[in-house]
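Enquirer: Before we start, here is the structure in question, set down as structure tokens.
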Amino acid sequence: MNTDLAIIGGGPVGLSAALALQHPARRITVIEAGNLERPESGGLNARSIALAASSVQIFRALGIWSQIESEAAPIRHIHVSARGRWGITRLDAADYDLEALGYVVESTALGRCLFDAAAASPLVEIEQEAEFENLSQRDSVAIDYRKQGEPASCRHGWRWSPTARVRPRAVRSASALASSITARRWLFATSK
Ligand SMILES: Cc1cc2nc3c(=O)[nH]c(=O)nc-3n(C[C@H](O)[C@H](O)[C@H](O)COP(=O)(O)OP(=O)(O)OC[C@H]3O[C@@H](n4cnc5c(N)ncnc54)[C@H](O)[C@@H]3O)c2cc1C
């Protein structure tokens, strides 16, 4: 399989990046360990997360805010204080001529909106249940991952061929998780 840009991890950041980087001349592949169509509903996935106003602007620009907004609750007032301590800070959206300071949305709802948008794009391919294992660079970049836990022979099942035009420009990481995978979460490999 050839691609111009591979993103390891289909969380909010990975899927948003895939949507933002769409271009008719660019093939994007997201490699995600989990199943985004059937995300686990318990554990940390059951959390709600707050979206800052700047994140909302990004989703508006991507044309997916209306879907997310229907699942989100606006933050109109923020009260910051610590019990037993002096001082209180209060923020009110109206003071800044804003409809909301941000929004709260369930993590699974946000993920579903992002996944639906990415899955609907002809420019984005999502490899699910595909666990990234190794990155190497010789004539071209090769990404090894294990798809649905398939046997050892599949570990090297996806490699760019030596004749592929793909060349890495940069390798970047962006992640909320402090794991050894983190530093390699994002791979930008493009000939553009
Ligand atoms: C309790 C809690 C509350 C939070 N509240 C907020 C909040 O209010 N606002 C906020 O902005 N943030 C909040 N966060 C942080 C929030 O989770 C992150 O901002 C957000 O999830 C980061 O997105 P991400 O895509 O970088 O990482 P993640 O959401 O961690 O996604 C990483 C993805 O990579 C995949 N992956 C991992 N390893 C591999 C591999 N080897 N191969 C392929 N795929 C892999 C995972 O399956 C996952 O889908 C909170 C976090 C927690 C735990």
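Letters A, B, ... mark the chains of the structure tokens in the order given; residue numbers begin at 1 per chain; ligand numbers begin at 1, in order shown.
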Write out as number ranges by chain each polymer residue (protein, DNA or RNA) that has an atom no more than 8 Å from ligand 1, with only C-alpha atoms and all ligand atoms counted.

Expert: A: 8-15, 31-34, 36, 44, 47-52, 104, 107, 129-133, 145, 174-177, 181-182, 185

Enquirer: What residues in region 43-126 of chain A get the DSSP label strand (DSSP E or B)? Please answer as a list in words.

Expert: Ser48, Ile49, Ala50, Leu51, Ala52, Ala73, Pro74, Ile75, His77, Ile78, His79, Val80, Ser81, Ile88, Thr89, Arg90, Leu91, Asp92, Gly102, Tyr103, Val104, Val105, Glu106, Val124, Glu125 and Ile126 of chain A

Enquirer: Any idea what's packed within 12 Å of Ser66 (chain A), counting only C-alpha atoms, ignoring anything in its chain fewer than 4 positions away? Could you give it as a list in words?

Expert: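 Residues meeting the cut-off are Val56, Gln57, Phe59, Arg60, Ala61, Leu62, Ser70, Glu71, Ala72, Leu110, Cys113, Leu114 and Ala117 of chain A.
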
Enquirer: Just checking: using only C-alpha atoms, which residue out of A:Ala142, A:Val124, A:Ile68, A:Ala118 ends up closest to Glu37 (chain A)?

Expert: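 Using only C-alpha atoms, the shortest distance to Glu37 (chain A) belongs to A:Ala118.
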
Enquirer: Quick one: distance from CA of Ile28 (chain A) to CA of Ile7 (chain A) in Å, one decimal?

Expert: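 Atom-to-atom, CA of Ile28 (chain A) to CA of Ile7 (chain A), that is 7.6 Å.
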
Enquirer: For Gly102 (chain A), work out the shell of residues within 10 Å, counting only C-alpha atoms and skipping chain neighbours fewer than 2 positions away, then give it as an MDAnalysis selection string.

Expert: chainID A and resid 50:56 72:78 93 98:100 104:105

Enquirer: Kindly indicate which residue among A:Thr29, A:Gln137, A:Asn45, A:Gln148 lies nearest to Ala6 (chain A), using only C-alpha atoms for the distances.

Expert: A:Thr29

Enquirer: For a test of reading the model, state the distance in Å between CA of Gly149 (chain A) and CA of Ala46 (chain A), rounded to one decimal.

Expert: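 It comes out at 25.2 Å.
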
Enquirer: With only C-alpha atoms as the atoms that count, which of A:Ala18, A:Ser140, A:Asp92, A:Trp65 lies nearest to Ala119 (chain A)?

Expert: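 Nearest candidate to Ala119 (chain A) out of A:Ala18, A:Ser140, A:Asp92, A:Trp65: A:Ala18.
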
Enquirer: Mind pulling up the distance from CA of Glu106 (chain A) to CA of Glu69 (chain A)?

Expert: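 If I compute the distance from CA of Glu69 (chain A) to CA of Glu106 (chain A), I get 11.2 Å.
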
Enquirer: As a VMD selection string, please: all residues of region 13-59 of chain A that backbone DSSP puts in helix (DSSP H, G or I).

Expert: chain A and resid 13 to 20 43 to 46 53 to 59

Enquirer: Write the residues you've just listed into a file as an mmCIF file, in the first residue's frame, and include N, CA and C atoms for each of them.

Expert:
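Output below, filename part.cif:
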data_model
loop_
_atom_site.group_PDB
_atom_site.id
_atom_site.type_symbol
_atom_site.label_atom_id
_atom_site.label_comp_id
_atom_site.auth_asym_id
_atom_site.auth_seq_id
_atom_site.Cartn_x
_atom_site.Cartn_y
_atom_site.Cartn_z
ATOM 1 N N VAL A 13 -6.833 14.103 17.826
ATOM 2 C CA VAL A 13 -5.775 14.848 17.131
ATOM 3 C C VAL A 13 -5.484 14.225 15.765
ATOM 4 N N GLY A 14 -5.349 12.902 15.737
ATOM 5 C CA GLY A 14 -5.032 12.227 14.470
ATOM 6 C C GLY A 14 -6.115 12.428 13.422
ATOM 7 N N LEU A 15 -7.372 12.272 13.806
ATOM 8 C CA LEU A 15 -8.460 12.415 12.833
ATOM 9 C C LEU A 15 -8.632 13.874 12.411
ATOM 10 N N SER A 16 -8.463 14.801 13.351
ATOM 11 C CA SER A 16 -8.553 16.227 12.975
ATOM 12 C C SER A 16 -7.445 16.581 11.993
ATOM 13 N N ALA A 17 -6.263 16.056 12.244
ATOM 14 C CA ALA A 17 -5.143 16.330 11.336
ATOM 15 C C ALA A 17 -5.431 15.753 9.953
ATOM 16 N N ALA A 18 -5.980 14.547 9.922
ATOM 17 C CA ALA A 18 -6.294 13.925 8.624
ATOM 18 C C ALA A 18 -7.295 14.784 7.848
ATOM 19 N N LEU A 19 -8.304 15.300 8.545
ATOM 20 C CA LEU A 19 -9.308 16.130 7.876
ATOM 21 C C LEU A 19 -8.691 17.457 7.418
ATOM 22 N N ALA A 20 -7.828 18.019 8.251
ATOM 23 C CA ALA A 20 -7.247 19.321 7.925
ATOM 24 C C ALA A 20 -6.254 19.232 6.773
ATOM 25 N N GLY A 43 -14.472 2.987 30.968
ATOM 26 C CA GLY A 43 -13.129 3.474 31.279
ATOM 27 C C GLY A 43 -12.959 4.938 30.919
ATOM 28 N N LEU A 44 -11.782 5.262 30.425
ATOM 29 C CA LEU A 44 -11.501 6.656 30.095
ATOM 30 C C LEU A 44 -12.342 7.149 28.927
ATOM 31 N N ASN A 45 -12.831 6.218 28.107
ATOM 32 C CA ASN A 45 -13.675 6.648 26.980
ATOM 33 C C ASN A 45 -14.987 7.248 27.439
ATOM 34 N N ALA A 46 -15.364 6.977 28.681
ATOM 35 C CA ALA A 46 -16.642 7.488 29.188
ATOM 36 C C ALA A 46 -16.546 8.957 29.609
ATOM 37 N N ALA A 53 -12.425 27.499 22.775
ATOM 38 C CA ALA A 53 -13.011 28.228 21.644
ATOM 39 C C ALA A 53 -12.144 28.088 20.393
ATOM 40 N N SER A 54 -10.835 28.002 20.574
ATOM 41 C CA SER A 54 -9.956 27.871 19.404
ATOM 42 C C SER A 54 -10.148 26.512 18.719
ATOM 43 N N SER A 55 -10.430 25.466 19.522
ATOM 44 C CA SER A 55 -10.704 24.155 18.922
ATOM 45 C C SER A 55 -12.003 24.204 18.120
ATOM 46 N N VAL A 56 -12.976 24.938 18.664
ATOM 47 C CA VAL A 56 -14.252 25.077 17.951
ATOM 48 C C VAL A 56 -14.030 25.762 16.602
ATOM 49 N N GLN A 57 -13.152 26.758 16.596
ATOM 50 C CA GLN A 57 -12.848 27.444 15.329
ATOM 51 C C GLN A 57 -12.276 26.466 14.310
ATOM 52 N N ILE A 58 -11.427 25.580 14.772
ATOM 53 C CA ILE A 58 -10.835 24.589 13.861
ATOM 54 C C ILE A 58 -11.928 23.686 13.297
ATOM 55 N N PHE A 59 -12.820 23.214 14.163
ATOM 56 C CA PHE A 59 -13.890 22.324 13.687
ATOM 57 C C PHE A 59 -14.842 23.062 12.746
#

Enquirer: Nearest to Asn2 (chain A) among A:Asn134, A:Lys147, A:Val141, A:His23, with distances taken over only C-alpha atoms: which residue is it?

Expert: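 The answer is A:Val141, which sits nearest to Asn2 (chain A).
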